[in-house]
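A.B. asks: Before I ask anything, here is the structure I am working with.
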Amino acid sequence: MGTTSAYLSLKIAEWQSNLIKTSLTPDDREELTNHLDDVITELTELGLSDEEVWAVAVKRLGSVSAIESEFEKVNPDMPFRKNGLLMVYGAVIMLFLQSFFIIVPAFIFRANQEKNTDQLFLGIRLWPMVFNILIIVLISIILIFIFKGKVLARALSKLTGKLNILSAFISVVVIVASAFFTIQLIGLSKTDKLHSVAPKFKMLTQLFYLGLIGLIGYFLLIGNNRNVRTLLSFNRKLHWKVSLLLGGITCLAVIFSYTYRLAYLPLIIGCPLFAVLGWMVSFSEKKGINLFCCQLFLMLFLFSELSGRYSEMFTKYYFVILVFLLMGAFYQKAFGYLSRLFSNV
Amino acid sequence: MLSKELTAASSIPIILSTLIEGESYGYEIIKKIKEASNGKVLYSDGTLYPVLRKLEDKELIRSEWRIAENQKRRRYYTITDKGITQLKEEKLSWEFMNGLLNTLWAPLPLTSV
């Protein structure tokens with residue numbers, strides 16, 4: 001709107017700020033603003049004054065409350081999305097802080113104690129100093145919250161608007177790292193002599209943390225920064241970054257499943273999950289790139305030889321899973337071809 | 001002027017019909033409806049978009065953001081095959097209703113409106 005007068009620009013900005021408080025998604029707001037721009041251009045060309053243009057344009061679009069009540073019928077879960085995102089971020093920040101201040105130092109201390117009885121750093125005993133520093137840092141953070149709470153709250157509230165791929169990746173990394181150190185620190189397998197509780201405990205913890213990762217995936221799916229209204233529309237708009245994230249999470253599930261003493265469990269878990277991913281990608285525009293990104297983590301895991309002595313077995317698993325991914329990707333085409341074939345017969 | 005109820009009930013076939021000849025965007029859809037009805041069918045422009053969302057959820061239309069000729073992002077809507085089928089069904093229903101009403105109100109004189 002290069003030709004919009006200062007009066008109209010101000011009015012549009014006011015109108016937009018009222019829309020932000022509603023249940024409209026950013027896409028909805030952009031589309032409505034474009035519509036308002038078009039109406040204003042049309043009315044300005046008729047030679048109306050700015051005040052008249054604004055009065056007519058707003059009347060034509062309808063009041064913000066009328067627009068909102070109509071949109072609420074199609075976006076009824078908007079407040080839930082915003083609060084849900086805040087909840088996920090809260091959980092991730094909590095896990096991060098807990099790991100940083102308590103679990104990781106305790107884990108390293110314990111691992112260190114098993115080797116050495118005492119360590120010195122510049123003539124001072126190391127571990128009491130480390131914990132003293134952590135106490136001071138924690139007190140400083142609490143003080144910052146007390147005195148600069150408003151600024152921090154404002155910064156945090158900006159997070160509620162969206163869950164982008166980068167923050168989702170960071171969240172997944174925090175959860176996985178926190179899960180690893182927590183489980184190692186608890187070290188239940190050392191105390192469980194009969195080895196009857198430890199496997200159940202492992203399953204419980206893995207389900208818990210994978211559930212948390214799943215929650216992030218869910219909020220990414222319905223994330224309000226993308227126009228994701230149904231699973232099919234989400235599939236159509238899949239791009240490489242989302243494929244990478246979904247593939248990464250699925251790859252984690254496959255790797256975790258290997259820690260159970262159940263033959264072929266990585267295949268039982270991985271094959272259907274990757275087939276579904278392939279099916280989802282088959283709706284997207286850049287199928288090839290998305291398919292590649294889906295399996296990238298699994299491929300990297302394999303070629304980096306992180307699987308160690310199991311690498312040969314994982315190579316076989318990888319190719320079987322790849323076949324399922326492709327089967328999922330070609331399911332639609334094959335189904336369409338067969339149904340045409342039979343309808344002709 | 002048409003009643004609000006009739007305008008609301010006919011909004012889906014009307015909006016789908018504006019997309020038969022090709023893709024369009026919100027402002028253009030409203031303009032087409034106004035022109036075709038000589039200004040008798042008037043939607044509040046802002047309430048068109050929730051209807052478009054509903055149609056997209058039902059996969060009767062598809063939307064895509066593109067850069068328009070004015071160099072701004074614009075959302076274009078296209079009717080899907082499912083939308084065309086739905087529109088054909090709607091057309092049969094409305095033709096049936098039209099025929100029914102024509103039969104039933106044939107004795108009514110039109111001068112008393």
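Ordered as shown in the structure tokens, chains take letters A, B, and onward, while each chain numbers its residues from 1 and ligands are numbered from 1 in the order shown.
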When the cut-off is 6 Å and we count only C-alpha atoms, which residues of chain A are near chain B, given as a list of chain:residue names?
C.D. replies: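 Taken together, these residues fit the definition: A:His35, A:Arg60, A:Leu61, A:Gly62, A:Ile67, A:Phe71.
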A.B. asks: Convert the current residue selection to file output with N, CA, C and O atoms, as a short mmCIF file (atom, residue, chain, number, x, y, z; two decimals), in the first residue's frame.
C.D. replies:
```
data_model
loop_
_atom_site.label_atom_id
_atom_site.label_comp_id
_atom_site.auth_asym_id
_atom_site.auth_seq_id
_atom_site.Cartn_x
_atom_site.Cartn_y
_atom_site.Cartn_z
N HIS A 35 -7.40 -8.11 1.80
CA HIS A 35 -8.75 -7.81 1.31
C HIS A 35 -9.08 -6.33 1.61
O HIS A 35 -9.58 -5.61 0.74
N ARG A 60 -17.88 -2.76 4.98
CA ARG A 60 -17.93 -3.88 4.03
C ARG A 60 -17.28 -5.15 4.60
O ARG A 60 -17.75 -6.25 4.36
N LEU A 61 -16.21 -4.98 5.34
CA LEU A 61 -15.56 -6.16 5.90
C LEU A 61 -16.32 -6.74 7.09
O LEU A 61 -16.22 -7.92 7.37
N GLY A 62 -17.11 -5.90 7.76
CA GLY A 62 -17.83 -6.36 8.95
C GLY A 62 -17.01 -6.07 10.19
O GLY A 62 -15.80 -5.89 10.12
N ILE A 67 -16.50 -10.91 12.60
CA ILE A 67 -15.51 -11.74 11.90
C ILE A 67 -14.99 -12.82 12.86
O ILE A 67 -14.92 -14.00 12.51
N PHE A 71 -15.02 -16.89 12.62
CA PHE A 71 -13.77 -17.66 12.59
C PHE A 71 -13.67 -18.64 13.75
O PHE A 71 -13.06 -19.70 13.61
#
```
A.B. asks: What lies within 9 Å of Tyr318 (chain A) using only C-alpha atoms, ignoring chain neighbours under 3 positions off, as a ChimeraX atom specification?
C.D. replies: /A:267,295,298-299,302,313-315,321-323
A.B. asks: When you look at Ser178 (chain A) with a cut-off of 10 Å (counting only C-alpha atoms), what residues show up, excluding the ones that are within fewer than 2 positions of it in the same chain? I need them as a PyMOL selection string.
C.D. replies: chain A and resi 92+95-100+103-104+172-176+180-184+209
A.B. asks: Please provide as an NGL selection string all residues within 12 Å of Ile255 (chain A), with the sequence filter that same-chain residues fewer than 2 positions apart are discarded (counting only C-alpha atoms).
C.D. replies: :A and (206 or 210 or 248-253 or 257-260 or 264-267 or 269-270 or 297-298 or 301-302 or 306-307 or 310-311 or 314 or 317-318)
A.B. asks: Record the distance separating CA of Lys82 (chain B) and CA of Leu60 (chain B), expressed in Å with one decimal.
C.D. replies: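 Distance between the two atoms: 5.4 Å.
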A.B. asks: If you run DSSP on the backbone, which residues of region 4-177 of chain A are strand (DSSP E or B), as a compact mmCIF listing (two decimals) with N, CA and C atoms, in the first residue's frame?
C.D. replies:
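The resulting file, selection_20.txt, is shown below:
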```txt
# COMPACT_ATOMS: atom_id res chain seq x y z
N LEU A 120 41.57 -31.68 42.30
CA LEU A 120 41.90 -30.30 42.65
C LEU A 120 41.95 -29.44 41.40
N PHE A 121 41.49 -28.20 41.54
CA PHE A 121 41.57 -27.25 40.44
C PHE A 121 42.17 -25.97 41.01
N ILE A 124 42.22 -25.86 44.68
CA ILE A 124 40.96 -25.91 45.43
C ILE A 124 40.26 -27.21 45.06
N ARG A 125 39.52 -27.77 46.02
CA ARG A 125 38.80 -29.00 45.69
C ARG A 125 37.72 -28.68 44.66
```
A.B. asks: Go through A:Leu325, A:Leu185, A:Ala168, A:Val64 and flag the residue nearest Ile213 (chain A), using only C-alpha atoms for the distances.
C.D. replies: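 Checking each candidate against Ile213 (chain A), we get A:Ala168 as the closest.
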A.B. asks: Quick check for you: according to DSSP on this backbone, which residues of region 146-323 of chain A are classed as alpha helix (DSSP H)? Reply as a PyMOL selection string.
C.D. replies: chain A and resi 146-159+165-186+188-191+198-221+231-236+240-257+265-281+287-303+311-323
A.B. asks: Name all residues at most 8 Å from Ile29 (chain B) (count only C-alpha atoms; drop same-chain ones fewer than 6 positions away) and give them as a PDB file with C-alpha atoms, in the first residue's frame.
C.D. replies:
```pdb
ATOM      1  CA  ILE B  15     -18.851 -19.645  -3.680  1.00  0.00           C
ATOM      2  CA  THR B  18     -17.405 -18.620  -8.695  1.00  0.00           C
ATOM      3  CA  LEU B  19     -14.436 -20.993  -8.920  1.00  0.00           C
TER       4      LEU B  19
END
```
A.B. asks: Enter the distance from CA of Lys286 (chain A) to CA of Tyr337 (chain A), in Å, rounded to one decimal.
C.D. replies: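 It comes out at 21.2 Å.
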A.B. asks: Using CA of Glu30 (chain A) and CA of Ile170 (chain A) as the two end points, give the distance in Å to one decimal.
C.D. replies: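 Taking CA of Glu30 (chain A) and CA of Ile170 (chain A), their separation equals 28.5 Å.
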